[in-house]
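K.L.:
See data_18.txt below, with compact mmCIF, C-alpha atoms.
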```txt
# COMPACT_ATOMS: atom_id res chain seq x y z
CA MET A 1 0.00 0.00 0.00
CA LEU A 2 2.85 2.37 0.75
CA LEU A 3 4.30 1.91 -2.74
CA HIS A 4 0.88 2.24 -4.35
CA ASP A 5 -0.03 5.37 -2.39
CA THR A 6 3.38 6.94 -3.05
CA ALA A 7 3.08 6.23 -6.79
CA VAL A 8 -0.42 7.75 -6.93
CA LEU A 9 0.65 10.92 -5.14
CA PHE A 10 3.88 11.18 -7.14
CA GLY A 11 1.86 10.94 -10.35
CA ARG A 12 -0.54 13.64 -9.15
CA TYR A 13 2.22 16.11 -8.31
CA ALA A 14 4.26 15.19 -11.39
CA ARG A 15 1.29 16.00 -13.64
CA GLN A 16 0.92 19.35 -11.92
CA THR A 17 4.58 20.09 -12.60
CA LEU A 18 4.43 19.02 -16.25
CA ARG A 19 1.56 21.45 -16.79
CA SER A 20 3.86 24.30 -15.74
CA PRO A 21 6.95 24.48 -18.01
CA PHE A 22 7.79 27.79 -16.33
CA GLN A 23 8.33 25.97 -13.01
CA ILE A 24 10.46 23.30 -14.66
CA PHE A 25 12.94 25.63 -16.31
CA PHE A 26 12.83 28.79 -14.20
CA GLY A 27 14.22 27.00 -11.14
CA ALA A 28 17.53 26.47 -12.93
CA LEU A 29 17.86 30.14 -13.89
CA MET A 30 19.84 31.36 -10.87
CA PRO A 31 22.54 28.63 -11.05
CA LEU A 32 22.78 29.21 -14.80
CA LEU A 33 23.33 32.93 -14.25
CA TYR A 34 26.10 32.15 -11.76
CA LEU A 35 27.58 29.73 -14.29
CA PHE A 36 27.62 32.24 -17.17
CA PHE A 37 28.59 35.40 -15.29
CA PHE A 38 30.54 34.18 -12.26
CA GLY A 39 32.35 31.16 -13.68
CA PRO A 40 34.54 33.06 -16.18
CA LEU A 41 35.79 35.28 -13.32
CA LEU A 42 37.34 32.24 -11.63
CA THR A 43 39.24 30.97 -14.65
CA GLY A 44 42.95 30.90 -13.91
CA LEU A 45 42.60 31.89 -10.26
CA PRO A 46 44.11 29.71 -7.49
CA LEU A 47 41.13 28.15 -5.74
CA GLY A 48 42.90 26.18 -3.05
CA ARG A 49 42.09 22.68 -4.29
CA GLU A 50 42.66 20.32 -7.19
CA GLY A 51 40.69 20.89 -10.38
CA ASP A 52 40.00 23.83 -12.64
CA ALA A 53 37.45 26.57 -12.02
CA TRP A 54 34.57 24.63 -13.57
CA GLN A 55 35.31 21.50 -11.52
CA VAL A 56 35.13 23.66 -8.40
CA LEU A 57 32.17 25.87 -9.31
CA VAL A 58 29.75 23.40 -10.94
CA PRO A 59 29.49 21.03 -7.93
CA GLY A 60 28.69 24.03 -5.76
CA LEU A 61 26.03 25.23 -8.18
CA LEU A 62 24.46 21.77 -8.29
CA LEU A 63 24.05 21.71 -4.53
CA GLN A 64 22.96 25.34 -4.52
CA LEU A 65 20.17 24.29 -6.88
CA GLY A 66 19.09 21.60 -4.42
CA LEU A 67 19.53 23.83 -1.37
CA PHE A 68 17.42 26.76 -2.50
CA GLY A 69 14.94 24.89 -4.67
CA ALA A 70 14.07 22.22 -2.12
CA SER A 71 14.08 24.62 0.83
CA PHE A 72 11.23 26.62 -0.68
CA ALA A 73 9.18 23.54 -1.62
CA GLY A 74 7.07 24.01 1.50
CA PHE A 75 5.19 26.89 -0.09
CA ALA A 76 3.11 24.26 -1.91
CA VAL A 77 1.95 22.74 1.38
CA ILE A 78 0.96 26.16 2.72
CA MET A 79 -1.14 26.72 -0.39
CA GLU A 80 -2.74 23.27 -0.02
CA LYS A 81 -3.61 24.09 3.58
CA ASN A 82 -5.23 27.34 2.52
CA TRP A 83 -7.18 25.66 -0.29
CA GLY A 84 -8.39 22.80 1.91
CA VAL A 85 -6.53 20.09 -0.02
CA LEU A 86 -4.86 18.74 3.11
CA GLU A 87 -8.21 18.69 4.89
CA ARG A 88 -9.64 16.44 2.18
CA MET A 89 -6.61 14.16 2.37
CA ARG A 90 -7.16 13.70 6.11
CA VAL A 91 -10.25 11.60 5.54
CA THR A 92 -8.55 9.23 3.06
CA PRO A 93 -6.81 5.99 4.11
CA VAL A 94 -3.62 6.99 2.25
CA SER A 95 -0.38 6.23 4.08
CA ARG A 96 0.95 9.25 5.96
CA LEU A 97 4.48 8.39 4.86
CA ALA A 98 3.24 8.35 1.25
CA LEU A 99 1.94 11.91 1.72
CA LEU A 100 5.55 12.90 2.32
CA LEU A 101 7.26 10.61 -0.20
CA GLY A 102 4.94 11.46 -3.11
CA ARG A 103 5.84 15.14 -2.80
CA THR A 104 9.55 14.76 -2.14
CA LEU A 105 10.11 12.26 -4.93
CA ARG A 106 8.45 14.68 -7.37
CA ASP A 107 10.77 17.43 -6.11
CA THR A 108 13.78 15.15 -6.46
CA ALA A 109 12.89 14.30 -10.07
CA LEU A 110 12.35 17.96 -10.91
CA PHE A 111 15.66 19.16 -9.50
CA LEU A 112 17.56 16.27 -11.04
CA PHE A 113 16.23 17.35 -14.43
CA GLN A 114 17.37 20.91 -13.72
CA ALA A 115 20.76 19.58 -12.58
CA VAL A 116 21.17 17.80 -15.93
CA LEU A 117 20.42 21.09 -17.74
CA LEU A 118 23.03 22.84 -15.59
CA VAL A 119 25.72 20.26 -16.31
CA LEU A 120 24.99 20.34 -20.04
CA ALA A 121 25.38 24.13 -20.01
CA ALA A 122 28.61 23.77 -18.02
CA LEU A 123 29.99 21.35 -20.60
CA LEU A 124 29.46 24.02 -23.24
CA MET A 125 31.28 26.51 -21.00
CA GLY A 126 34.32 24.24 -20.64
CA LEU A 127 33.61 21.74 -17.86
CA ARG A 128 35.50 18.47 -18.16
CA ALA A 129 34.70 15.80 -15.60
CA PRO A 130 34.55 11.98 -15.59
CA LEU A 131 31.12 10.47 -16.20
CA ALA A 132 31.24 8.62 -12.89
CA GLY A 133 31.91 11.88 -11.08
CA VAL A 134 29.00 13.61 -12.81
CA LEU A 135 26.65 10.74 -11.86
CA ILE A 136 27.86 10.85 -8.26
CA GLY A 137 27.08 14.56 -8.27
CA PHE A 138 23.53 13.83 -9.41
CA GLY A 139 23.23 11.30 -6.59
CA PHE A 140 24.18 13.89 -3.98
CA VAL A 141 21.74 16.39 -5.51
CA ALA A 142 18.97 13.79 -5.21
CA LEU A 143 19.77 13.04 -1.55
CA LEU A 144 20.03 16.72 -0.65
CA THR A 145 16.80 17.60 -2.45
CA PHE A 146 14.90 14.74 -0.85
CA SER A 147 16.11 15.74 2.63
CA LEU A 148 15.56 19.47 2.39
CA ALA A 149 12.19 19.19 0.66
CA SER A 150 10.99 16.94 3.47
CA LEU A 151 12.21 19.36 6.13
CA SER A 152 10.70 22.26 4.20
CA TYR A 153 7.30 20.56 4.30
CA VAL A 154 7.72 20.02 8.03
CA LEU A 155 8.38 23.72 8.55
CA ALA A 156 5.46 24.66 6.31
CA LEU A 157 3.11 22.56 8.43
CA ARG A 158 4.34 24.37 11.53
CA LEU A 159 4.03 27.90 10.17
CA PRO A 160 0.62 29.36 9.34
CA SER A 161 1.41 31.69 6.43
CA PRO A 162 3.82 32.36 3.53
CA GLN A 163 4.76 35.66 5.21
CA GLU A 164 6.39 33.69 8.02
CA PHE A 165 7.69 30.79 5.93
CA GLY A 166 9.69 32.84 3.40
CA PRO A 167 11.81 34.82 5.90
CA ALA A 168 12.41 31.67 7.97
CA ILE A 169 13.77 29.82 4.94
CA ASN A 170 15.97 32.74 3.90
CA THR A 171 17.38 32.97 7.42
CA LEU A 172 18.37 29.30 7.26
CA ALA A 173 19.39 28.98 3.59
CA MET A 174 21.70 31.98 3.17
CA PRO A 175 24.11 31.13 6.04
CA SER A 176 24.05 27.51 4.87
CA MET A 177 25.19 28.56 1.39
CA LEU A 178 27.90 30.90 2.66
CA LEU A 179 29.31 28.50 5.26
CA SER A 180 29.23 25.45 2.99
CA GLY A 181 31.67 26.81 0.42
CA LEU A 182 29.22 26.33 -2.43
CA MET A 183 30.59 29.23 -4.45
CA LEU A 184 34.25 29.05 -3.41
CA PRO A 185 36.15 26.39 -1.41
CA MET A 186 36.41 27.09 2.31
CA ALA A 187 40.16 26.54 1.98
CA LEU A 188 40.25 30.19 0.88
CA ALA A 189 38.53 31.35 4.08
CA PRO A 190 40.21 32.57 7.28
CA GLY A 191 40.96 29.84 9.79
CA TRP A 192 38.06 30.65 12.12
CA LEU A 193 35.56 30.62 9.25
CA ASP A 194 36.94 27.33 7.94
CA VAL A 195 36.51 25.77 11.40
CA LEU A 196 32.96 27.11 11.66
CA SER A 197 32.07 25.65 8.27
CA HIS A 198 32.80 22.13 9.54
CA PHE A 199 29.60 22.33 11.58
CA MET A 200 27.60 22.73 8.36
CA PRO A 201 26.72 19.31 6.85
CA PHE A 202 26.36 20.72 3.33
CA ARG A 203 30.10 21.40 3.26
CA TYR A 204 30.82 17.67 3.30
CA LEU A 205 28.48 17.09 0.40
CA VAL A 206 30.00 19.76 -1.83
CA ASP A 207 33.56 18.66 -0.99
CA ALA A 208 32.62 15.09 -1.92
CA VAL A 209 31.16 16.14 -5.27
CA ARG A 210 34.25 18.23 -6.03
CA ASP A 211 36.42 15.19 -5.35
CA ALA A 212 34.23 13.14 -7.69
CA TYR A 213 34.55 15.76 -10.44
CA VAL A 214 38.33 15.34 -10.47
CA GLY A 215 38.09 11.52 -10.40
CA HIS A 216 38.74 10.88 -6.69
CA TYR A 217 36.17 8.44 -5.36
CA ALA A 218 37.69 6.35 -2.54
CA THR A 219 38.64 9.25 -0.26
CA PRO A 220 37.78 10.23 3.32
CA THR A 221 36.04 13.30 1.89
CA MET A 222 33.70 11.05 -0.08
CA LEU A 223 32.98 8.99 3.02
CA TYR A 224 32.18 12.09 5.07
CA GLY A 225 29.88 13.31 2.31
CA LEU A 226 27.99 10.02 2.22
CA LEU A 227 27.64 10.00 6.01
CA ALA A 228 26.35 13.58 6.02
CA ALA A 229 23.86 12.78 3.25
CA ALA A 230 22.67 9.62 5.03
CA GLY A 231 22.22 11.60 8.25
CA LEU A 232 20.14 14.26 6.47
CA VAL A 233 17.91 11.65 4.82
CA THR A 234 17.37 9.80 8.10
CA LEU A 235 16.51 13.02 9.92
CA ALA A 236 14.19 14.19 7.16
CA VAL A 237 12.22 10.94 6.90
CA THR A 238 11.92 10.55 10.67
CA VAL A 239 10.83 14.11 11.39
CA GLY A 240 8.74 14.37 8.24
CA THR A 241 6.76 11.19 8.85
CA ARG A 242 6.10 12.12 12.48
CA THR A 243 4.95 15.61 11.49
CA PHE A 244 2.63 14.41 8.72
CA ARG A 245 1.08 11.88 11.07
CA GLY A 246 0.49 14.57 13.65
CA ALA A 247 -0.88 17.00 11.08
CA GLN A 248 -3.34 14.43 9.81
CA ALA A 249 -4.49 13.28 13.23
```
Render the structure in this file as structure tokens.
P.N.:
Amino acid sequence: MLLHDTAVLFGRYARQTLRSPFQIFFGALMPLLYLFFFGPLLTGLPLGREGDAWQVLVPGLLLQLGLFGASFAGFAVIMEKNWGVLERMRVTPVSRLALLLGRTLRDTALFLFQAVLLVLAALLMGLRAPLAGVLIGFGFVALLTFSLASLSYVLALRLPSPQEFGPAINTLAMPSMLLSGLMLPMALAPGWLDVLSHFMPFRYLVDAVRDAYVGHYATPTMLYGLLAAAGLVTLAVTVGTRTFRGAQA
């Protein structure tokens, strides 16, 4: 029943997304702008780690796509609350975990598609990376998107209005981007800032993807990235399922 309910809800939300091409492509606009206008500025600069400017920047942009896109996914739940959609779902026997998974899997598919567009554009700009590294990057984007979309839905169920949800997400997302080294490696930062960034789990993900983009797979950095991603997924599913059950009680 869980698989059936998840598939039904995924299909519902996927059809909604396919009816809005603007949503599909517009989400990739900000990373593409960074790629076109910020990437050339880094060419030839010492970035404090192995790989050229594109192998450093593109992994960060991939995770930036997941970070900001998935973090704001909760707006959809707030709208469904206001329209009474969640109220109608309360009286159905659908699995409460499926209510979470159907949404987050749709988000994951959407942002993976946008990630593919970003990498294709980066290849035209000069990115050269092994295929295995690119696929590993997509895997980390999927895990990050799944986790943050779930947590975004949790926050949306706790907050009553978009006016509260938007500032809360910005307050969390901006420091996360700056302290994770998404745009530039934290090796360039002062010592105190580098130490502080180690408390941000997203740093381990972006460092792992950057290792993969230069062909380094069996490294401690990759292990730390996988552990951080697994921790985020576990937290998201646990908290998300508990919150959806409570919200539907």
K.L.:
Measuring atom to atom with all atoms listed in the file, identify which of A:Arg49, A:Arg242, A:Arg210, A:Arg12 is nearest to Ile136 (chain A).
P.N.:
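Selected residue with least distance to Ile136 (chain A): A:Arg210.
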K.L.:
Within 7 Å of Gly137 (chain A), counting only C-alpha atoms, which residues show up once you throw out same-chain ones fewer than 3 positions away? Write them as a ChimeraX atom specification, please.
P.N.:
/A:59,133-134,140-141,209
K.L.:
Which residue is closest to Leu123 (chain A)? Choose from A:Leu29, A:Val58, A:Val77, A:Leu41 and count all atoms listed in the file.
P.N.:
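Of A:Leu29, A:Val58, A:Val77, A:Leu41, the one nearest Leu123 (chain A), counting all atoms listed in the file, is A:Val58.
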K.L.:
Please compute the CA of Ala73 (chain A)-CA of Ala109 (chain A) distance, one decimal, in Å.
P.N.:
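So the answer is 13.1 Å.
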K.L.:
Determine the nearest neighbour of Asn170 (chain A) from the options A:Leu67, A:Leu157, A:Ile78, A:Leu57, counting all atoms listed in the file.
P.N.:
A:Leu67
K.L.:
Point out the residue among A:Leu178, A:Ala173, A:Val56, A:Leu18 with the least atom-to-atom distance to Gly44 (chain A), counting only C-alpha atoms.
P.N.:
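The shortest atom-to-atom distance to Gly44 (chain A) comes from A:Val56.
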K.L.:
Can you measure CA of Leu179 (chain A) to CA of Ser197 (chain A) for me? One decimal in Å is fine.
P.N.:
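So the answer is 5.0 Å.
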K.L.:
Would you mind telling me which residue in A:Ala228, A:Leu35, A:Ile24, A:Leu235 lies nearest to Phe199 (chain A) when using all atoms listed in the file?
P.N.:
A:Ala228
K.L.:
Which residue gives the smallest distance to Gln23 (chain A) among A:Leu3, A:Leu42, A:Val237, A:Leu110, with all atoms listed in the file counted?
P.N.:
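Using all atoms listed in the file, Gln23 (chain A) sits closest to A:Leu110.
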K.L.:
Complete region 54-69 of chain A at the level of N, CA and C atoms, written as a compact mmCIF listing (two decimals), keeping the file's coordinate frame.
P.N.:
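Written file, result_3.txt:
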```txt
# COMPACT_ATOMS: atom_id res chain seq x y z
N TRP A 54 35.87 25.25 -13.32
CA TRP A 54 34.57 24.63 -13.57
C TRP A 54 34.37 23.42 -12.67
N GLN A 55 35.43 22.66 -12.41
CA GLN A 55 35.31 21.50 -11.52
C GLN A 55 35.10 21.91 -10.07
N VAL A 56 35.39 23.14 -9.74
CA VAL A 56 35.13 23.66 -8.40
C VAL A 56 33.75 24.31 -8.33
N LEU A 57 33.40 25.10 -9.36
CA LEU A 57 32.17 25.87 -9.31
C LEU A 57 30.93 25.02 -9.56
N VAL A 58 30.95 24.14 -10.56
CA VAL A 58 29.75 23.40 -10.94
C VAL A 58 29.22 22.52 -9.81
N PRO A 59 30.05 21.77 -9.08
CA PRO A 59 29.49 21.03 -7.93
C PRO A 59 28.79 21.92 -6.93
N GLY A 60 29.35 23.10 -6.68
CA GLY A 60 28.69 24.03 -5.76
C GLY A 60 27.35 24.50 -6.30
N LEU A 61 27.29 24.77 -7.59
CA LEU A 61 26.03 25.23 -8.18
C LEU A 61 24.98 24.12 -8.17
N LEU A 62 25.41 22.88 -8.35
CA LEU A 62 24.46 21.77 -8.29
C LEU A 62 23.80 21.69 -6.91
N LEU A 63 24.60 21.79 -5.88
CA LEU A 63 24.05 21.71 -4.53
C LEU A 63 23.32 22.99 -4.15
N GLN A 64 23.73 24.12 -4.73
CA GLN A 64 22.96 25.34 -4.52
C GLN A 64 21.56 25.19 -5.10
N LEU A 65 21.46 24.55 -6.26
CA LEU A 65 20.17 24.29 -6.88
C LEU A 65 19.28 23.48 -5.93
N GLY A 66 19.85 22.41 -5.35
CA GLY A 66 19.09 21.60 -4.42
C GLY A 66 18.75 22.34 -3.13
N LEU A 67 19.72 23.12 -2.64
CA LEU A 67 19.53 23.83 -1.37
C LEU A 67 18.38 24.82 -1.45
N PHE A 68 18.43 25.72 -2.43
CA PHE A 68 17.42 26.76 -2.50
C PHE A 68 16.09 26.24 -3.07
N GLY A 69 16.18 25.40 -4.08
CA GLY A 69 14.94 24.89 -4.67
C GLY A 69 14.13 24.05 -3.69
```
